[in-house]
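Engineer: What follows is the file protein.pdb, containing PDB, C-alpha atoms:
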```
ATOM      1  CA  MET H   1      -1.352 -31.309 -37.281
ATOM      2  CA  ARG H   2      -3.313 -33.443 -39.676
ATOM      3  CA  ARG H   3      -5.866 -31.561 -41.741
ATOM      4  CA  SER H   4      -8.995 -32.850 -43.348
ATOM      5  CA  ASN H   5     -11.402 -31.361 -45.845
ATOM      6  CA  PHE H   6     -15.141 -31.259 -45.453
ATOM      7  CA  ALA H   7     -17.594 -29.867 -47.976
ATOM      8  CA  LEU H   8     -19.829 -27.585 -45.965
ATOM      9  CA  ARG H   9     -23.077 -26.514 -47.557
ATOM     10  CA  LEU H  10     -24.503 -23.359 -46.045
ATOM     11  CA  GLN H  11     -27.561 -21.385 -47.011
ATOM     12  CA  PRO H  12     -26.510 -18.350 -49.064
ATOM     13  CA  SER H  13     -27.757 -15.883 -46.435
ATOM     14  CA  LEU H  14     -25.834 -17.695 -43.686
ATOM     15  CA  MET H  15     -22.723 -17.872 -45.853
ATOM     16  CA  GLU H  16     -22.868 -14.116 -46.404
ATOM     17  CA  GLU H  17     -23.188 -13.524 -42.641
ATOM     18  CA  VAL H  18     -20.223 -15.815 -41.969
ATOM     19  CA  ARG H  19     -18.129 -13.988 -44.572
ATOM     20  CA  ARG H  20     -19.041 -10.640 -43.020
ATOM     21  CA  ALA H  21     -18.223 -11.888 -39.519
ATOM     22  CA  ALA H  22     -14.850 -13.223 -40.656
ATOM     23  CA  GLU H  23     -14.045  -9.919 -42.330
ATOM     24  CA  LEU H  24     -15.024  -7.934 -39.217
ATOM     25  CA  GLU H  25     -12.894 -10.234 -37.055
ATOM     26  CA  GLY H  26     -10.007  -9.949 -39.491
ATOM     27  CA  VAL H  27      -9.645 -13.713 -39.896
ATOM     28  CA  ALA H  28      -9.982 -16.185 -42.730
ATOM     29  CA  LEU H  29     -13.369 -17.764 -43.304
ATOM     30  CA  ASN H  30     -11.902 -21.191 -42.584
ATOM     31  CA  GLN H  31     -10.461 -20.000 -39.258
ATOM     32  CA  LEU H  32     -13.771 -18.466 -38.189
ATOM     33  CA  ILE H  33     -15.625 -21.716 -38.945
ATOM     34  CA  ASN H  34     -12.982 -23.743 -37.072
ATOM     35  CA  VAL H  35     -13.318 -21.509 -34.011
ATOM     36  CA  ALA H  36     -17.133 -21.646 -34.168
ATOM     37  CA  VAL H  37     -17.094 -25.450 -34.273
ATOM     38  CA  ALA H  38     -14.576 -25.576 -31.400
ATOM     39  CA  GLU H  39     -16.754 -23.233 -29.299
ATOM     40  CA  LYS H  40     -19.838 -25.368 -29.908
ATOM     41  CA  ILE H  41     -18.010 -28.567 -28.937
ATOM     42  CA  SER H  42     -16.721 -26.844 -25.806
ATOM     43  CA  ALA H  43     -20.252 -25.770 -24.862
ATOM     44  CA  LEU H  44     -21.590 -29.288 -25.364
ATOM     45  CA  ARG H  45     -18.806 -30.811 -23.270
ATOM     46  CA  THR H  46     -19.380 -28.244 -20.526
ATOM     47  CA  GLU H  47     -23.094 -29.038 -20.476
ATOM     48  CA  GLU H  48     -22.302 -32.749 -20.252
ATOM     49  CA  TYR H  49     -19.799 -32.136 -17.433
ATOM     50  CA  PHE H  50     -22.333 -30.202 -15.330
ATOM     51  CA  ARG H  51     -25.036 -32.797 -15.994
ATOM     52  CA  GLU H  52     -22.726 -35.543 -14.708
ATOM     53  CA  ARG H  53     -21.706 -33.428 -11.690
ATOM     54  CA  ALA H  54     -25.352 -32.730 -10.868
ATOM     55  CA  GLN H  55     -26.095 -36.444 -10.765
ATOM     56  CA  ARG H  56     -23.387 -36.925  -8.131
ATOM     57  CA  ALA H  57     -24.517 -33.945  -6.060
ATOM     58  CA  ASN H  58     -25.967 -34.348  -2.597
ATOM     59  CA  ARG H  59     -28.732 -31.741  -2.496
ATOM     60  CA  SER H  60     -29.409 -31.936   1.239
ATOM     61  CA  GLU H  61     -25.699 -31.540   2.050
ATOM     62  CA  THR H  62     -25.402 -28.615  -0.349
ATOM     63  CA  LEU H  63     -28.379 -26.870   1.235
ATOM     64  CA  ARG H  64     -26.960 -27.524   4.716
ATOM     65  CA  VAL H  65     -23.640 -25.911   3.773
ATOM     66  CA  LEU H  66     -25.345 -22.938   2.124
ATOM     67  CA  ALA H  67     -27.628 -22.408   5.118
ATOM     68  CA  ARG H  68     -24.692 -21.946   7.456
ATOM     69  CA  SER H  69     -22.406 -20.035   5.079
ATOM     70  CA  GLY H  70     -21.364 -16.733   6.534
ATOM     71  CA  ARG H  71     -22.694 -17.475  10.003
ATOM     72  CA  ASP H  72     -20.356 -16.478  12.801
ATOM     73  CA  ASN H  73     -17.812 -15.278  10.244
ATOM     74  CA  LYS H  74     -17.040 -11.641  10.813
ATOM     75  CA  PRO H  75     -15.926  -9.702   7.751
ATOM     76  CA  MET H  76     -12.191  -9.847   7.195
ATOM     77  CA  SER H  77      -9.954  -7.024   6.088
ATOM     78  CA  GLY H  78     -10.497  -6.559   2.358
ATOM     79  CA  ASP H  79     -14.165  -7.617   2.481
ATOM     80  CA  GLU H  80     -15.284  -3.979   2.337
ATOM     81  CA  LEU H  81     -17.276  -2.777  -0.637
ATOM     82  CA  PRO H  82     -15.539  -0.297  -2.942
ATOM     83  CA  LYS H  83     -16.427   3.305  -2.181
ATOM     84  CA  GLY H  84     -19.630   4.386  -3.850
ATOM     85  CA  LYS H  85     -21.101   0.868  -3.964
ATOM     86  CA  LYS H  86     -24.273   0.210  -1.981
ATOM     87  CA  GLU H  87     -24.643  -2.889   0.120
ATOM     88  CA  VAL H  88     -27.259  -5.302  -1.154
ATOM     89  CA  ARG H  89     -29.335  -6.820   1.619
ATOM     90  CA  ARG H  90     -30.770 -10.282   1.087
ATOM     91  CA  LYS H  91     -34.503 -10.589   1.492
ATOM     92  CA  THR H  92     -35.811 -12.823   4.226
ATOM     93  CA  LYS H  93     -37.978 -15.790   3.224
ATOM     94  CA  LYS H  94     -41.025 -13.853   4.379
ATOM     95  CA  GLU H  95     -40.104 -10.800   2.261
ATOM     96  CA  SER H  96     -39.333 -13.013  -0.720
ATOM     97  CA  SER H  97     -42.685 -14.811  -0.459
ATOM     98  CA  ALA H  98     -44.570 -11.523  -0.196
ATOM     99  CA  ALA H  99     -42.772 -10.130  -3.253
ATOM    100  CA  GLY H 100     -43.612 -13.294  -5.191
ATOM    101  CA  ARG H 101     -47.279 -13.005  -4.283
ATOM    102  CA  LYS H 102     -47.371  -9.351  -5.406
ATOM    103  CA  HIS H 103     -45.687 -10.253  -8.695
ATOM    104  CA  ARG H 104     -48.194 -13.046  -9.370
ATOM    105  CA  GLN H 105     -51.098 -10.751  -8.487
ATOM    106  CA  ARG H 106     -49.848  -8.094 -10.927
ATOM    107  CA  ALA H 107     -49.367 -10.714 -13.644
ATOM    108  CA  ASN H 108     -52.888 -12.065 -13.106
ATOM    109  CA  THR H 109     -54.342  -8.547 -13.202
ATOM    110  CA  ARG H 110     -52.592  -7.809 -16.527
ATOM    111  CA  ALA H 111     -53.769 -11.125 -17.997
ATOM    112  CA  ASN H 112     -57.413 -10.298 -17.254
TER     113      ASN H 112
END
```
Using structure tokens, write down the structure from this file.

Structural biologist:
Amino acid sequence: MRRSNFALRLQPSLMEEVRRAAELEGVALNQLINVAVAEKISALRTEEYFRERAQRANRSETLRVLARSGRDNKPMSGDELPKGKKEVRRKTKKESSAAGRKHRQRANTRAN
């Protein structure tokens, strides 16, 4: 692996935080900075990937598939909730709209 040097100028307070983080992680300062840079690049590439995928998406087809998901599909063995877990019921559109209205009303009341 080819290595290269780069003079990195950090604010003293940030440098102290980085040193502390490296010590807590039990790694060298250089390794911590390498990992941090790699994580940032990964996040940027992931964001770019999803942006490109979103441009190719067919919204109407996606909504059509989601609208029929679960219909006429009886639960299979293994679909049961673990004991002690409550089932979460989805709100209907009507219930969701009513809850949204109440939330907005409360927010408006607090603002006044």

Engineer: What is the distance, in Å and to one decimal place, between atom CA of Gly78 of chain H and atom CA of Val65 of chain H?

Structural biologist: 23.4 Å

Engineer: Would you work out the distance separating atom CA of Glu52 of chain H from atom CA of Lys40 of chain H, expressed in Å to one decimal?

Structural biologist: 18.5 Å

Engineer: Provide the atom CA of Phe6 of chain H to atom CA of Leu32 of chain H distance in Å, to one decimal place.

Structural biologist: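 That distance, rounded to one decimal, is 14.8 Å.
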
Engineer: Which residues would end up in the selection if the PyMOL selection byres ((chain H and resi 34) around 12) were applied here, given that I need the answer as a PyMOL selection string?

Structural biologist: chain H and resi 3-6+8+18+22+27-33+35-41

Engineer: Determine the axis-aligned bounding box of all atoms of segment 27-45 of chain H present in the file, pad each side by 4 Å, and express its centre and edge lengths in Å to one decimal place as AutoDock Vina command-line options.

Structural biologist:
```
--center_x -15.6 --center_y -22.3 --center_z -33.3 --size_x 19.9 --size_y 25.1 --size_z 28.0
```

Engineer: Please output segment 18-33 of chain H, rebuilt to include N, CA, C and O atoms, as a tab-separated table (two decimals), keeping the file's coordinate frame.

Structural biologist:
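part.tsv written:
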```
chain	number	residue	atom	x	y	z
H	18	VAL	N	-21.50	-15.25	-42.42
H	18	VAL	CA	-20.22	-15.82	-41.97
H	18	VAL	C	-19.06	-15.05	-42.61
H	18	VAL	O	-18.08	-14.73	-41.94
H	19	ARG	N	-19.19	-14.76	-43.89
H	19	ARG	CA	-18.13	-13.99	-44.57
H	19	ARG	C	-17.96	-12.62	-43.93
H	19	ARG	O	-16.84	-12.17	-43.69
H	20	ARG	N	-19.09	-11.96	-43.66
H	20	ARG	CA	-19.04	-10.64	-43.02
H	20	ARG	C	-18.40	-10.72	-41.64
H	20	ARG	O	-17.57	-9.88	-41.28
H	21	ALA	N	-18.78	-11.73	-40.87
H	21	ALA	CA	-18.22	-11.89	-39.52
H	21	ALA	C	-16.72	-12.13	-39.58
H	21	ALA	O	-15.96	-11.55	-38.79
H	22	ALA	N	-16.28	-12.95	-40.51
H	22	ALA	CA	-14.85	-13.22	-40.66
H	22	ALA	C	-14.10	-11.95	-41.02
H	22	ALA	O	-13.02	-11.67	-40.50
H	23	GLU	N	-14.69	-11.17	-41.92
H	23	GLU	CA	-14.04	-9.92	-42.33
H	23	GLU	C	-13.95	-8.95	-41.15
H	23	GLU	O	-12.91	-8.33	-40.93
H	24	LEU	N	-15.04	-8.82	-40.39
H	24	LEU	CA	-15.02	-7.93	-39.22
H	24	LEU	C	-14.00	-8.38	-38.18
H	24	LEU	O	-13.38	-7.55	-37.51
H	25	GLU	N	-13.85	-9.69	-38.02
H	25	GLU	CA	-12.89	-10.23	-37.06
H	25	GLU	C	-11.47	-10.19	-37.59
H	25	GLU	O	-10.51	-10.38	-36.85
H	26	GLY	N	-11.33	-10.00	-38.89
H	26	GLY	CA	-10.01	-9.95	-39.49
H	26	GLY	C	-9.35	-11.32	-39.59
H	26	GLY	O	-8.13	-11.44	-39.46
H	27	VAL	N	-10.17	-12.35	-39.79
H	27	VAL	CA	-9.64	-13.71	-39.90
H	27	VAL	C	-10.17	-14.35	-41.17
H	27	VAL	O	-11.13	-13.88	-41.78
H	28	ALA	N	-9.53	-15.44	-41.56
H	28	ALA	CA	-9.98	-16.18	-42.73
H	28	ALA	C	-11.29	-16.89	-42.42
H	28	ALA	O	-11.57	-17.24	-41.27
H	29	LEU	N	-12.09	-17.07	-43.44
H	29	LEU	CA	-13.37	-17.76	-43.30
H	29	LEU	C	-13.18	-19.14	-42.67
H	29	LEU	O	-13.91	-19.53	-41.76
H	30	ASN	N	-12.19	-19.87	-43.11
H	30	ASN	CA	-11.90	-21.19	-42.58
H	30	ASN	C	-11.60	-21.13	-41.08
H	30	ASN	O	-12.07	-21.95	-40.30
H	31	GLN	N	-10.81	-20.13	-40.67
H	31	GLN	CA	-10.46	-20.00	-39.26
H	31	GLN	C	-11.70	-19.69	-38.42
H	31	GLN	O	-11.89	-20.24	-37.34
H	32	LEU	N	-12.56	-18.81	-38.93
H	32	LEU	CA	-13.77	-18.47	-38.19
H	32	LEU	C	-14.65	-19.70	-38.00
H	32	LEU	O	-15.17	-19.95	-36.91
H	33	ILE	N	-14.80	-20.50	-39.04
H	33	ILE	CA	-15.62	-21.72	-38.94
H	33	ILE	C	-14.99	-22.71	-37.98
H	33	ILE	O	-15.69	-23.32	-37.16
```
